[in-house]
Structures are given as structure tokens and as C-alpha cells.
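Visitor: Structure below; questions to follow.
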Amino acid sequence: MFTTGSKLLIGSALAATVAAVIYGLTLDGAMGTVGLVAAAVALWFLAGVNAVVRDANVFETDDASVNASAAAHPRPGNSLWPLALALGAVVVAIGLVTQQTYVVIGFVLVGAAGAEWMVQAWAESTSSDAEFNEEVRERVMQPLEFPILGAAVIGILVYAFSRIMLWLSKEGTVVLFAVVAAIVLAIAAIIAMRPSVRTGAIGGVLAVGAILVIGGGVAAGIDGQREIHEHETVDGLSEEGICESPDEFEADEKASQTIAIKQGIAAEITLAGDGTLSFDVPGPSGQGATALTLPRSSTVNIAFINESDHERRLSLDHGTEVVQTEDGGEEEIPNQTCTTLVEDGGSQLMTFKVDLPSATAPDGYFFFVPGVDTALLEVVVP
Amino acid sequence: MTPKRPEAAHEIRTESQPVQIVKQLTSRTSVRIGAVATLGAVLVGCAQDAPQDTWDPAGPSAQKIHNLQWPVFAVAGIVGLTVLSVLGFIFFRYRDRGQPIPEQSHGKPALEIGLTILPALILIGVAIPTVGTLFALNDFDDTDCVVNVTGQQWWWEIDYPAQDGCGGIETPIVTSGQMVIPTNTSIVAQVTSRDVIHSWWIPRLNGKKDAVPGRVHQVKVEADEPGIYAGQCAEFCGLSHANMRMEVVALDPDDFATWKAEQLAEYESPTDELALAGEATFVAQCARCHQVDGLTDAAGEPIISRPDENVWSGAAPNLTHLMSRNTFAGATFDLLDAECRPEVWEAPPEEFGERYLAGVDAECLNEPELRSWLRNAPLMKPMYTDPEKLGPTDGLVRGMPYLALSEDQIDELIAYLLDRQ
């Protein structure tokens, strides 16, 4: 008696009517009741119209009408791009209230999905042959899709692998890297020796590998990185007295000690075997003074050359500075800059900037070498 | 096989009347534009008494460059004229008169090889003296004196490190804008920068040398005769790049010794009442950035400026002996008025030292411009000092800011600065 579409609408109208009655009686909400009544009236109206026109069905025996109608053409394929576009819009909205990164990702998704959707729609309008239409779409989009997708897959794999490596212990990363490399080599060797291996089998192995890496990466990313100890630097330890110590600190371990710079430096300072410090201004040789003059508030590069028989560091004492103590007080400590320990015969660059004239320090500014009392060199900052 | 002769070779082409009219008009216009351009090119090279004339060397380094550039220009000129003449001849001789297109051919090995070898030989001929000059300009073995030159937006600091050179300097001297050197002395400028890349260039004494933060580059500065040699920053360095000027002042060695002694003279507080008030104003308003060596506070402690806390580059000109130099604000403005300036700048070499060392007194002071500068410096020279636009520099200025000084304070400061001889 009732057509399919009418049943759906009558059901909906009935539900809206019941809801309006219940809402009106129990919750006493005027606006809600009005809204539900309005919805019920609209649905009853649509149900009535639909029942009268019998779901707008063309009579099945009317072949001419059926064959000439738009519905006679093959319907376009299902498209997921509207869904992707909507997802992008949601990501943009989330990004607007959380992080800017999501806004960018959302816009990229919206742009890509929009472009794909438009090209797909355009391709589907080229002919009534779905296969031909798909070929048209592929010809336009695949030169873009393959490289972008390839880069994205590689990026995801690399990122996932990096999460795994950062999650494992330092020793574990070595083992895992060796194992993975061995597996890749073994699989490649098998494929090389047995060219008859089915493509599907190779694809399956690769897919399993990719799933393992991505899955592992997700799990590792959620669990977080292992505790990574930040390597101390000379800057970080200068306040703790490293610049006055001839001993080795963590900052000295594996520090680069050989420099190639020969030009552009303000001076070369050499620690001789007899424990004296001397300086030489590269290029011109007219300075000939016992004190090294350096400009104020200017970044200066000094090359330190260690010609003594021991590992030594060069330190610069340029007055004092006030630092906050742990208990919230203030403490005046020597303002020092230094190199890491430099091996015998090695050289290292020291970069620093001095903002105040040397006359502001009671003892002036001076270079010194911890552990070598005779190694002193006056610095004048006018 | 004989190449097929193009059919066009047998055609006699004719042009429509509109095309001929356009060609005639174009031809006349081209001739006029060419004439004006040639005249302009000739006239721009006719500046009289140009202070930054690379063709008027005044020192050995500039002379070396000059000795190189003449033959190089001569060779380039001959090559250029030859090429243009041949082109002109070909354009005229084979111009389009509707004649058939001649037979086309491909390849002429003898000509091609010749036209490859000839330029190569010319370039080798130019390269030999060029490389020799480059090495000579960078030979610092005869250095007698070292001067540090530090560029920052938009002025140059000149400091003389303690050394045996320059007749001996026991205490460093810091000045700005004008590098004072003894004549006939091989000076090496150690050029660097505190903020962005600048370029030191005194055209009559030597070529350009880039001032790069964190690096020190050497360039020779040597003048044959006493006088002032003008220059300017040659690397675009921001808003007031065009106003970043400098001078090298060459003095006889005896005059240079006098200048050194004056620069190292003990600071004396002014005795004049107005200037004394100016000292207090200077301490309150200017000493945050500008150093005056020897200036002390009420407790007798030295007043040390902290430009690093106020200025992006971390430096401001040392004003201890401002009136011993005759320009200010990055050598952009004269401290000497229009009447006195020529007496120093155009003084004959034998009288120059005495006139320069006289400094700037009240009678010769270019007071209007100094007053305007103190009243509102950013109006005189474009700088980044607007407090509302200092976000990128964490509130640090680039240049001298507007200090809202009263006219009385300006009077006091001028009196005090006049005392900085």
C-alpha cells in the first residue's frame, strides 16, 4: 500500500509527533516542543506528498522513459574525497583552537581532497564509459599522486622507524639496526636468487614489514622516548669552574679539537712548551705589544694552539657576573669563557663577546691556562 | 651534397607603407636615445674634485689598483670598440634592403679556433698583472701599524690597539668616523662588524673590504700626503646605508704624534658653568650609550656606558674627543660650518695638520645641525628608534633615539661637547 519512501517518512513523522508530545508533557520546554511539532508537521507533509506521487517511480513498463532518463547512464563511482575534505575541515577547526600545525595539515588535506574531487568529477563527465573516465583521471592525477604518496609513505616509515630507535635503549638500537639490515639483505638475496618468486609474495612481505614498522612506531611514539642525557658543553660548565680546572670534564669528551680556520680570526694564542702564552695577530705583524687589544661588544674568534706536552684548555677571565643561586639569592662569580681540553699539538676556536671595558675589572681581563701558572696574557678592551 | 637553397633566396621582399613608417620613426628615436645616452655616459664621468675618485689615487695601494685598471680598461676598451665596429660594419653592410638571403653555411674551424684562442690569450694577459696586484695588495709584511675598524649600523668605530707601531701606542685609543693615520706609513686596518655586513671603502686609498661579524679582514691604508680622504660603506647595510660615511685623515708623523697625545690626554671637567651643567646632562642622558673616558660620578667612580643594554649593535660612538674630529653621526654631518670647513678640507698639505689639529671651536661649530641632531636625531638620519617598532630587537635601538631634550639641555650639551677637544 505504502511505497518505501513513504514508509520512511511516515515513520519519521510519527516519531517526531510522539517526541513532541512526550517533550511537551514531561520537559515543559516551549522551544523544543515548537521545534518538534514543526518537524512533525513537515515530515507528515512530505510523507503525504511522497505517498501521492508514489516515490516518483517511473512505471517499469515505460521503456522509453527509463532508457532516456539520466538514471539510465552508469552512475559515477563512489567517491571518498568529500569525506576526506570534510575531515580536513574538521582538522582545520581543531587546529584553530589547539595547534597551528593542525591548521596547516587540515588545509593541505582540504586542498588535496578538493583537487582530487574536482578532477574526479571532471573525468566522470567526459563520457558515459566509466573505464575511460577513470583512465582520464589517472592520466591527469597519477603523475602527482605517485611521487607525493611515495614521499608520504617513505616519510611515515622513516618517522616510525625513528620513533622505534628513540624508544629503544642505545644498545638496543644497534642490535635492531643490525637485525633489520640483515633481514633486508636476506630478503633481497632470496629475491635475487629466485626471480620466479611471485610478485604477490614480495608485496605481502613488504606490506607486513611496513605494518610492523608503522605499528611499532605508533606504539613507541605513544610510550615516549628513552631518557636522553644532554651532553654538557663548556658554556654549561663554565659557571661550575671548568674554566679554572685542568681536569677533564664531560664537556671535554670527544670534543672536536682541530680547526681549519686560518683567516678571519682576531688572534692566534699559543701555549708554548715552556708554559708561556703568546699571541699573534694573523696577517699584519705590527702589533708587537705584550697585551692583546680586542674590541668591545664585538664577536671575537680566537684560535688556541696547544704546543705543550699536555692536554690544556685556554680560559678568558673577563670580570665578574652576578648569578642567581638556588636559594633565590645572588652570587658574584668570575665571568669566564674557555675551550675544552685541547690535545698536545691541537688547536681550537674560542668565540666570545665582551661587553664591558677591561678597566671595569680590578684585575683587568686576561687569558690563562688552568694548571700552568706561568701562562697569563693580558687583554685590553678599551 | 649541396644544401638546398632556400626558396626565400629567390624572393624580393617588399614592405608595406605602415611598416616603413614605423621603421623610420624607430630609427630616428633610436638615434636620439643613443645620442643622449652616450652624452650622459660621458658627462657622468666629469665630476670635478670628486672626493671619492678611484682614478685619483693618493696612496701606494690605490696606485697599484690604478696601475692595473688603466691597462685593463685599455684592453677592454680596444676589444669593446673592435667588436662594436665589426658589428656596426656588418649591420650597415648587410642591412635588409630586400635582397635575397645569402647561402647559409655551417662551421668555419679556423675562425672558431682563432676566436677561442685570441680571447684566451687576452684574458691570460689581463690575469697576470691582476693576480700580481691582488697578491701585492694583500702583502702585509711591511705593516707598521694596526688599526681596528668596526662597522655597525650606521657608523664606523676606529680603535688603535696598544702596540709598538704608529710610533708606539701604550693605551688604546678609541674614536669614530675618522681614522687618523700618519702619512707614508703602512697601516693595516683590521675590519670587522658588530651587526650586519658592511664594507670599508676609501676609494682614493684602496679597494673595498667587507666587514663581516665574527671575522676580521685586513686591508692596507696608506696615504702619501696629509689630507682628508672620504669614503662610504659599500655594502648595503640597512636603512641608513647611504649615510654611513667615513674619512681617513692623514697627518705628518709629527702631527700624528700630537694627535695621539691629545687623544690620550687626561679628562678634565669643564670650568664653564654652562658646560658643567652639560656634563651633568650628558651623564643623565647620554652616558648610557656614549663613553667619555675619564668621566666619573659623584663618588669618583668611572662612568662606564652600557650600549650593549640599549643599542642593537652593542656600541655607540666614543665622544671623549668629539671636537677633535670634524664630522659626526657616522660622518654624515659636518662639525665645521660652511665657512670653516674649506679651510681644513681644502688646506694645502703643508698646512693641513695644523688646521686639523685645531679641532672645532665655538666660532667654527656647525651648531644648527648639531642642535638639530640633539633635538631629534631620527629626523636627521633614518634609524630604527621608534619604541613601538623595536619588538624584533627586544627594545634595543639601531641608531640614536629621540631623547626629548629641552632647549636648555641642548644648550648645555653643546657647551659640554665643545669642551671635548
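Ligands are numbered from 1 in the order shown, chains are lettered A, B, ... in the order of the C-alpha cells, and residues start at 1 in each chain.
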For chain B against chain A, with a cut-off of 9 Å and counting only C-alpha atoms, what is the closest atom pair and its distance in Å to one decimal for every residue that makes the cut, ordered by chain and number, as CSV?

Guide:
residue,atom,partner,partner_atom,distance
B:Asn138,CA,A:Gly283,CA,8.5
B:Asp139,CA,A:Gly283,CA,8.2
B:Phe140,CA,A:Pro284,CA,5.1
B:Asp141,CA,A:Pro284,CA,6.5
B:Asp142,CA,A:Pro284,CA,8.1
B:Thr143,CA,A:Gly286,CA,5.5
B:Asp144,CA,A:Gly286,CA,5.3
B:Cys145,CA,A:Gly286,CA,5.4
B:Val146,CA,A:Gly286,CA,6.3
B:Asn148,CA,A:Pro295,CA,7.7
B:Thr150,CA,A:Pro295,CA,8.1
B:Asp159,CA,A:Pro295,CA,7.8
B:Tyr160,CA,A:Thr293,CA,8.6
B:Pro161,CA,A:Thr293,CA,5.2
B:Ala162,CA,A:Ala289,CA,6.3
B:Gln163,CA,A:Ala289,CA,4.7
B:Asp164,CA,A:Gly288,CA,5.6
B:Gly165,CA,A:Gly286,CA,5.9
B:Glu170,CA,A:Ala289,CA,8.5
B:Thr171,CA,A:Pro382,CA,8.5
B:Pro172,CA,A:Pro382,CA,6.2
B:Ile173,CA,A:Pro382,CA,7.5
B:Val174,CA,A:Pro382,CA,7.0
B:Ile187,CA,A:Gly286,CA,8.9
B:Val188,CA,A:Pro284,CA,6.7
B:Gln190,CA,A:Ala266,CA,8.5
B:Thr192,CA,A:Ser298,CA,8.5
B:Ser193,CA,A:Ser298,CA,7.3
B:Arg194,CA,A:Ser298,CA,5.2
B:Asp195,CA,A:Ser298,CA,8.5
B:Val212,CA,A:Gly264,CA,8.9
B:Pro213,CA,A:Thr299,CA,6.7
B:Gly214,CA,A:Thr299,CA,5.0
B:Arg215,CA,A:Gly264,CA,4.2
B:Val216,CA,A:Gly264,CA,4.3
B:His217,CA,A:Gly264,CA,5.8
B:Gln218,CA,A:Gly283,CA,7.1
B:Pro302,CA,A:Thr360,CA,8.3
B:Ile304,CA,A:Thr360,CA,7.8
B:Ser305,CA,A:Leu356,CA,8.4
B:Arg306,CA,A:Leu356,CA,7.5
B:Pro307,CA,A:Asp355,CA,8.4
B:Asp308,CA,A:Asp355,CA,6.3
B:Ser313,CA,A:Ser297,CA,7.6
B:Gly314,CA,A:Ser297,CA,5.3
B:Ala315,CA,A:Ser297,CA,6.5

Visitor: Write out as CSV the residues of stretch 94-194 of chain B that have any atom within 12 Å of an atom of stretch 84-90 of chain B, one row each with the nearest atom pair and its distance in Å to one decimal, counting only C-alpha atoms, sorted by chain and then rising number.

Guide:
residue,atom,partner,partner_atom,distance
B:Tyr94,CA,B:Ile90,CA,5.6
B:Arg95,CA,B:Ile90,CA,7.6
B:Asp96,CA,B:Ile90,CA,11.0

Visitor: Within 8 Å of B:Arg355, counting only C-alpha atoms, which residues qualify if same-chain residues fewer than 5 places away don't, as a count of residues only?

Guide: 3

Visitor: Neighbouring residues of stretch 366-383 of chain B were defined as those with any atom within 7 Å, considering only C-alpha atoms; residues of the same chain fewer than 6 positions away were excluded. Please report them as a PyMOL selection string.

Guide: chain B and resi 239-240+334-337+398-402+404-405+410

Visitor: Keeping only N, CA and C atoms, take the residues you just selected and write them out as an mmCIF file, in the first residue's frame.

Guide:
data_model
loop_
_atom_site.group_PDB
_atom_site.id
_atom_site.type_symbol
_atom_site.label_atom_id
_atom_site.label_comp_id
_atom_site.auth_asym_id
_atom_site.auth_seq_id
_atom_site.Cartn_x
_atom_site.Cartn_y
_atom_site.Cartn_z
ATOM 1 N N LEU B 239 68.731 50.673 6.623
ATOM 2 C CA LEU B 239 68.022 51.928 6.368
ATOM 3 C C LEU B 239 68.936 53.106 6.027
ATOM 4 N N SER B 240 69.987 53.305 6.796
ATOM 5 C CA SER B 240 70.833 54.483 6.585
ATOM 6 C C SER B 240 72.175 54.129 5.959
ATOM 7 N N ASP B 334 78.765 67.635 9.059
ATOM 8 C CA ASP B 334 79.995 68.348 9.409
ATOM 9 C C ASP B 334 79.881 68.977 10.785
ATOM 10 N N LEU B 335 80.964 68.910 11.533
ATOM 11 C CA LEU B 335 81.020 69.680 12.779
ATOM 12 C C LEU B 335 81.511 71.099 12.489
ATOM 13 N N LEU B 336 82.168 71.262 11.339
ATOM 14 C CA LEU B 336 82.625 72.589 10.939
ATOM 15 C C LEU B 336 81.549 73.260 10.106
ATOM 16 N N ASP B 337 81.381 74.560 10.300
ATOM 17 C CA ASP B 337 80.372 75.248 9.492
ATOM 18 C C ASP B 337 80.913 75.470 8.066
ATOM 19 N N ARG B 398 68.483 50.923 16.972
ATOM 20 C CA ARG B 398 69.546 50.920 15.968
ATOM 21 C C ARG B 398 69.703 52.356 15.506
ATOM 22 N N GLY B 399 70.631 53.056 16.159
ATOM 23 C CA GLY B 399 70.814 54.469 15.883
ATOM 24 C C GLY B 399 70.494 55.260 17.134
ATOM 25 N N MET B 400 70.582 56.558 17.003
ATOM 26 C CA MET B 400 70.345 57.410 18.177
ATOM 27 C C MET B 400 68.867 57.783 18.261
ATOM 28 N N PRO B 401 68.236 57.521 19.402
ATOM 29 C CA PRO B 401 66.796 57.776 19.511
ATOM 30 C C PRO B 401 66.484 59.244 19.817
ATOM 31 N N TYR B 402 65.225 59.558 19.734
ATOM 32 C CA TYR B 402 64.722 60.869 20.150
ATOM 33 C C TYR B 402 64.749 60.893 21.680
ATOM 34 N N ALA B 404 63.975 63.694 23.664
ATOM 35 C CA ALA B 404 63.078 64.714 24.236
ATOM 36 C C ALA B 404 63.852 65.714 25.094
ATOM 37 N N LEU B 405 64.992 66.155 24.620
ATOM 38 C CA LEU B 405 65.794 67.123 25.375
ATOM 39 C C LEU B 405 65.157 68.509 25.254
ATOM 40 N N ILE B 410 69.900 71.183 25.524
ATOM 41 C CA ILE B 410 70.691 71.169 24.289
ATOM 42 C C ILE B 410 71.800 72.221 24.359
#

Visitor: Counting only C-alpha atoms, what is within 7 Å of stretch 100-115 of chain A, bar same-chain residues fewer than 3 positions away, as a list of chain:residue names?

Guide: A:Trp81, A:Ala84, A:Leu85, A:Gly88, A:Ala89, A:Val91, A:Val92, A:Gly95, A:Leu96, A:Met118, A:Val119

Visitor: Quick one: residues within 12 Å of B:Trp155, only C-alpha atoms counted, chain neighbours fewer than 4 positions away excluded, as a PDB file with C-alpha atoms, in the first residue's frame?

Guide:
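What landed in part_5.pdb:
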ATOM      1  CA  VAL B 149      87.885  49.184  12.220  1.00  0.00           C
ATOM      2  CA  THR B 150      84.458  48.007  13.358  1.00  0.00           C
ATOM      3  CA  GLY B 151      81.322  48.732  11.409  1.00  0.00           C
ATOM      4  CA  THR B 175      87.411  57.180  18.087  1.00  0.00           C
ATOM      5  CA  SER B 176      84.848  57.037  15.309  1.00  0.00           C
ATOM      6  CA  GLY B 177      84.073  58.290  11.851  1.00  0.00           C
ATOM      7  CA  GLN B 178      87.572  59.498  11.064  1.00  0.00           C
ATOM      8  CA  SER B 193      81.394  44.264  12.128  1.00  0.00           C
ATOM      9  CA  ARG B 194      79.161  44.127  15.173  1.00  0.00           C
ATOM     10  CA  ASP B 195      75.833  43.567  13.459  1.00  0.00           C
ATOM     11  CA  VAL B 196      75.426  43.114   9.698  1.00  0.00           C
ATOM     12  CA  HIS B 198      79.321  46.403   5.894  1.00  0.00           C
ATOM     13  CA  SER B 199      82.174  47.306   3.576  1.00  0.00           C
ATOM     14  CA  TRP B 200      85.034  49.682   4.278  1.00  0.00           C
ATOM     15  CA  GLY B 231      84.751  57.045   1.804  1.00  0.00           C
ATOM     16  CA  GLN B 232      81.479  55.324   2.446  1.00  0.00           C
ATOM     17  CA  CYS B 233      80.064  51.937   3.294  1.00  0.00           C
ATOM     18  CA  CYS B 237      73.522  47.503   5.412  1.00  0.00           C
ATOM     19  CA  GLY B 238      70.032  48.775   6.086  1.00  0.00           C
ATOM     20  CA  SER B 240      70.833  54.483   6.585  1.00  0.00           C
ATOM     21  CA  HIS B 241      73.403  52.702   4.478  1.00  0.00           C
ATOM     22  CA  ALA B 242      73.706  55.803   2.311  1.00  0.00           C
ATOM     23  CA  ASN B 243      74.526  57.827   5.447  1.00  0.00           C
ATOM     24  CA  MET B 244      77.285  55.553   6.681  1.00  0.00           C
ATOM     25  CA  ARG B 245      80.316  57.531   5.714  1.00  0.00           C
ATOM     26  CA  MET B 246      83.878  57.722   6.966  1.00  0.00           C
ATOM     27  CA  GLU B 247      87.134  59.518   6.342  1.00  0.00           C
ATOM     28  CA  SER B 313      74.953  46.552  17.827  1.00  0.00           C
ATOM     29  CA  ALA B 315      78.166  50.072  20.692  1.00  0.00           C
ATOM     30  CA  ALA B 316      77.842  53.840  20.375  1.00  0.00           C
ATOM     31  CA  PRO B 317      80.492  56.372  19.330  1.00  0.00           C
ATOM     32  CA  ASN B 318      83.061  57.309  21.952  1.00  0.00           C
ATOM     33  CA  THR B 327      82.225  65.164  11.352  1.00  0.00           C
ATOM     34  CA  PHE B 328      79.574  63.421  13.437  1.00  0.00           C
ATOM     35  CA  ALA B 329      76.694  60.932  13.176  1.00  0.00           C
ATOM     36  CA  GLY B 330      78.588  58.411  11.082  1.00  0.00           C
ATOM     37  CA  ALA B 331      80.490  61.202   9.320  1.00  0.00           C
ATOM     38  CA  THR B 332      77.173  62.221   7.802  1.00  0.00           C
ATOM     39  CA  PHE B 333      77.244  65.803   9.065  1.00  0.00           C
ATOM     40  CA  LYS B 381      69.138  60.408   9.693  1.00  0.00           C
ATOM     41  CA  MET B 383      67.199  54.974  12.025  1.00  0.00           C
ATOM     42  CA  ARG B 398      69.546  50.920  15.968  1.00  0.00           C
ATOM     43  CA  GLY B 399      70.814  54.469  15.883  1.00  0.00           C
ATOM     44  CA  MET B 400      70.345  57.410  18.177  1.00  0.00           C
TER      45      MET B 400
END

Visitor: Record the distance separating atom CA of A:Ser347 and atom CA of A:Asp373, expressed in Å with one decimal.

Guide: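 Computed distance, atom CA of A:Ser347 to atom CA of A:Asp373, equals 20.3 Å.
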
Visitor: Can you check which residues of stretch 210-396 of chain B DSSP gives as helix (DSSP H, G or I) on the backbone and send them as a short mmCIF file (atom, residue, chain, number, x, y, z; two decimals) with N, CA and C atoms, in the first residue's frame?

Guide:
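Output file states_34.cif follows:
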data_model
loop_
_atom_site.label_atom_id
_atom_site.label_comp_id
_atom_site.auth_asym_id
_atom_site.auth_seq_id
_atom_site.Cartn_x
_atom_site.Cartn_y
_atom_site.Cartn_z
N HIS B 241 72.16 53.10 5.15
CA HIS B 241 73.40 52.70 4.48
C HIS B 241 74.03 53.88 3.74
N ALA B 242 73.18 54.67 3.09
CA ALA B 242 73.71 55.80 2.31
C ALA B 242 74.32 56.87 3.21
N ASN B 243 73.99 56.83 4.51
CA ASN B 243 74.53 57.83 5.45
C ASN B 243 75.64 57.26 6.31
N PRO B 253 103.85 62.55 10.39
CA PRO B 253 104.14 61.78 11.61
C PRO B 253 104.22 62.64 12.86
N ASP B 254 104.78 63.84 12.75
CA ASP B 254 104.86 64.70 13.94
C ASP B 254 103.47 65.14 14.39
N ASP B 255 102.64 65.52 13.40
CA ASP B 255 101.27 65.90 13.74
C ASP B 255 100.49 64.72 14.30
N PHE B 256 100.79 63.55 13.75
CA PHE B 256 100.10 62.36 14.25
C PHE B 256 100.47 62.11 15.72
N ALA B 257 101.74 62.33 16.04
CA ALA B 257 102.17 62.17 17.44
C ALA B 257 101.42 63.15 18.34
N THR B 258 101.24 64.37 17.83
CA THR B 258 100.48 65.36 18.60
C THR B 258 99.04 64.89 18.78
N TRP B 259 98.48 64.40 17.70
CA TRP B 259 97.08 63.91 17.77
C TRP B 259 96.96 62.79 18.81
N LYS B 260 97.92 61.85 18.79
CA LYS B 260 97.88 60.75 19.76
C LYS B 260 97.92 61.29 21.20
N ALA B 261 98.81 62.22 21.40
CA ALA B 261 98.94 62.78 22.75
C ALA B 261 97.64 63.44 23.19
N GLU B 262 97.01 64.15 22.26
CA GLU B 262 95.74 64.80 22.59
C GLU B 262 94.64 63.79 22.89
N GLN B 263 94.66 62.69 22.15
CA GLN B 263 93.63 61.66 22.37
C GLN B 263 93.80 60.98 23.72
N GLU B 273 80.34 77.32 33.48
CA GLU B 273 79.14 76.92 34.20
C GLU B 273 78.16 76.14 33.31
N LEU B 274 77.97 76.67 32.10
CA LEU B 274 77.03 76.02 31.17
C LEU B 274 77.53 74.63 30.78
N ALA B 275 78.83 74.56 30.50
CA ALA B 275 79.41 73.27 30.12
C ALA B 275 79.37 72.28 31.28
N LEU B 276 79.53 72.79 32.49
CA LEU B 276 79.46 71.93 33.67
C LEU B 276 78.05 71.36 33.82
N ALA B 277 77.06 72.21 33.56
CA ALA B 277 75.68 71.71 33.57
C ALA B 277 75.50 70.68 32.46
N GLY B 278 76.19 70.93 31.36
CA GLY B 278 76.13 69.98 30.23
C GLY B 278 76.72 68.64 30.60
N GLU B 279 77.75 68.66 31.43
CA GLU B 279 78.35 67.39 31.88
C GLU B 279 77.31 66.57 32.64
N ALA B 280 76.57 67.26 33.52
CA ALA B 280 75.53 66.54 34.29
C ALA B 280 74.45 66.01 33.36
N THR B 281 74.08 66.83 32.38
CA THR B 281 73.06 66.38 31.41
C THR B 281 73.59 65.19 30.61
N PHE B 282 74.86 65.26 30.25
CA PHE B 282 75.46 64.16 29.49
C PHE B 282 75.41 62.87 30.30
N VAL B 283 75.76 62.97 31.58
CA VAL B 283 75.76 61.78 32.44
C VAL B 283 74.34 61.22 32.53
N ALA B 284 73.37 62.12 32.64
CA ALA B 284 71.99 61.66 32.82
C ALA B 284 71.38 61.13 31.53
N GLN B 285 71.73 61.74 30.40
CA GLN B 285 71.03 61.42 29.15
C GLN B 285 71.85 60.61 28.15
N CYS B 286 73.15 60.85 28.12
CA CYS B 286 73.94 60.31 27.01
C CYS B 286 74.87 59.18 27.42
N PRO B 307 76.22 50.54 26.18
CA PRO B 307 75.48 50.48 24.92
C PRO B 307 74.93 49.10 24.63
N ASP B 308 75.57 48.07 25.20
CA ASP B 308 75.08 46.71 24.94
C ASP B 308 73.68 46.51 25.52
N GLU B 309 73.28 47.35 26.47
CA GLU B 309 71.94 47.23 27.05
C GLU B 309 70.92 48.11 26.35
N LEU B 322 85.28 64.40 20.83
CA LEU B 322 84.40 64.63 19.67
C LEU B 322 84.88 65.80 18.81
N MET B 323 85.28 66.89 19.43
CA MET B 323 85.60 68.08 18.66
C MET B 323 87.00 68.03 18.04
N SER B 324 87.70 66.90 18.26
CA SER B 324 88.98 66.76 17.56
C SER B 324 88.76 66.24 16.15
N ARG B 341 84.87 74.93 7.06
CA ARG B 341 85.13 73.60 6.50
C ARG B 341 86.19 73.62 5.41
N PRO B 342 86.05 74.52 4.41
CA PRO B 342 87.06 74.50 3.34
C PRO B 342 88.47 74.79 3.85
N GLU B 343 88.57 75.55 4.94
CA GLU B 343 89.91 75.87 5.46
C GLU B 343 90.65 74.61 5.90
N VAL B 344 89.89 73.61 6.30
CA VAL B 344 90.53 72.35 6.71
C VAL B 344 90.54 71.37 5.53
N TRP B 345 89.39 71.16 4.94
CA TRP B 345 89.27 70.14 3.90
C TRP B 345 90.07 70.48 2.65
N PRO B 349 98.65 70.58 1.69
CA PRO B 349 99.21 69.53 2.56
C PRO B 349 100.10 70.05 3.67
N GLU B 350 100.88 71.07 3.37
CA GLU B 350 101.83 71.54 4.40
C GLU B 350 101.12 72.27 5.55
N GLU B 351 99.90 72.74 5.32
CA GLU B 351 99.17 73.44 6.39
C GLU B 351 98.05 72.61 7.00
N PHE B 352 97.82 71.48 6.38
CA PHE B 352 96.64 70.71 6.78
C PHE B 352 96.69 70.27 8.24
N GLY B 353 97.83 69.71 8.66
CA GLY B 353 97.95 69.17 10.02
C GLY B 353 97.59 70.19 11.07
N GLU B 354 98.14 71.38 10.93
CA GLU B 354 97.90 72.42 11.93
C GLU B 354 96.41 72.76 12.00
N ARG B 355 95.79 72.88 10.82
CA ARG B 355 94.37 73.27 10.79
C ARG B 355 93.49 72.15 11.35
N TYR B 356 93.84 70.91 11.01
CA TYR B 356 93.01 69.80 11.51
C TYR B 356 93.14 69.68 13.02
N LEU B 357 94.36 69.79 13.51
CA LEU B 357 94.57 69.62 14.95
C LEU B 357 93.95 70.76 15.77
N GLU B 367 76.71 74.63 14.44
CA GLU B 367 75.77 74.47 15.54
C GLU B 367 74.35 74.10 15.10
N PRO B 368 73.86 74.68 13.99
CA PRO B 368 72.48 74.33 13.61
C PRO B 368 72.27 72.83 13.44
N GLU B 369 73.20 72.17 12.77
CA GLU B 369 73.00 70.73 12.53
C GLU B 369 73.23 69.91 13.79
N LEU B 370 74.20 70.32 14.60
CA LEU B 370 74.42 69.60 15.87
C LEU B 370 73.20 69.77 16.78
N ARG B 371 72.67 70.98 16.78
CA ARG B 371 71.48 71.25 17.60
C ARG B 371 70.29 70.42 17.11
N SER B 372 70.12 70.39 15.79
CA SER B 372 69.01 69.59 15.24
C SER B 372 69.18 68.12 15.59
N TRP B 373 70.42 67.67 15.53
CA TRP B 373 70.70 66.27 15.85
C TRP B 373 70.31 65.95 17.29
N LEU B 374 70.69 66.84 18.20
CA LEU B 374 70.37 66.61 19.60
C LEU B 374 68.87 66.74 19.85
N ARG B 375 68.23 67.59 19.05
CA ARG B 375 66.80 67.83 19.24
C ARG B 375 66.01 66.58 18.81
N ALA B 377 67.35 63.30 16.55
CA ALA B 377 68.29 62.64 15.63
C ALA B 377 67.61 61.83 14.53
N PRO B 378 66.55 61.07 14.85
CA PRO B 378 65.93 60.27 13.78
C PRO B 378 65.36 61.10 12.63
N LEU B 379 65.11 62.39 12.90
CA LEU B 379 64.63 63.25 11.80
C LEU B 379 65.77 63.59 10.85
N MET B 380 66.98 63.59 11.37
CA MET B 380 68.14 63.95 10.56
C MET B 380 68.69 62.78 9.75
N PRO B 387 60.01 53.47 19.53
CA PRO B 387 59.79 52.45 20.57
C PRO B 387 58.72 51.43 20.21
N GLU B 388 57.78 51.84 19.38
CA GLU B 388 56.70 50.91 19.04
C GLU B 388 57.11 49.89 17.99
N LYS B 389 58.30 50.07 17.42
CA LYS B 389 58.73 49.16 16.35
C LYS B 389 60.01 48.42 16.72
N GLY B 391 60.17 45.67 18.60
CA GLY B 391 59.92 44.29 19.02
C GLY B 391 61.00 43.32 18.54
N PRO B 392 61.36 43.37 17.27
CA PRO B 392 62.35 42.41 16.77
C PRO B 392 63.72 42.54 17.44
N THR B 393 64.00 43.68 18.05
CA THR B 393 65.31 43.85 18.68
C THR B 393 65.21 43.89 20.20
#

Visitor: I'd like the neighbourhood of A:Thr339 as a count of residues only, where a residue qualifies if any of its atoms comes within 7 Å (using only C-alpha atoms), though same-chain residues fewer than 6 positions away should be ignored.

Guide: 5
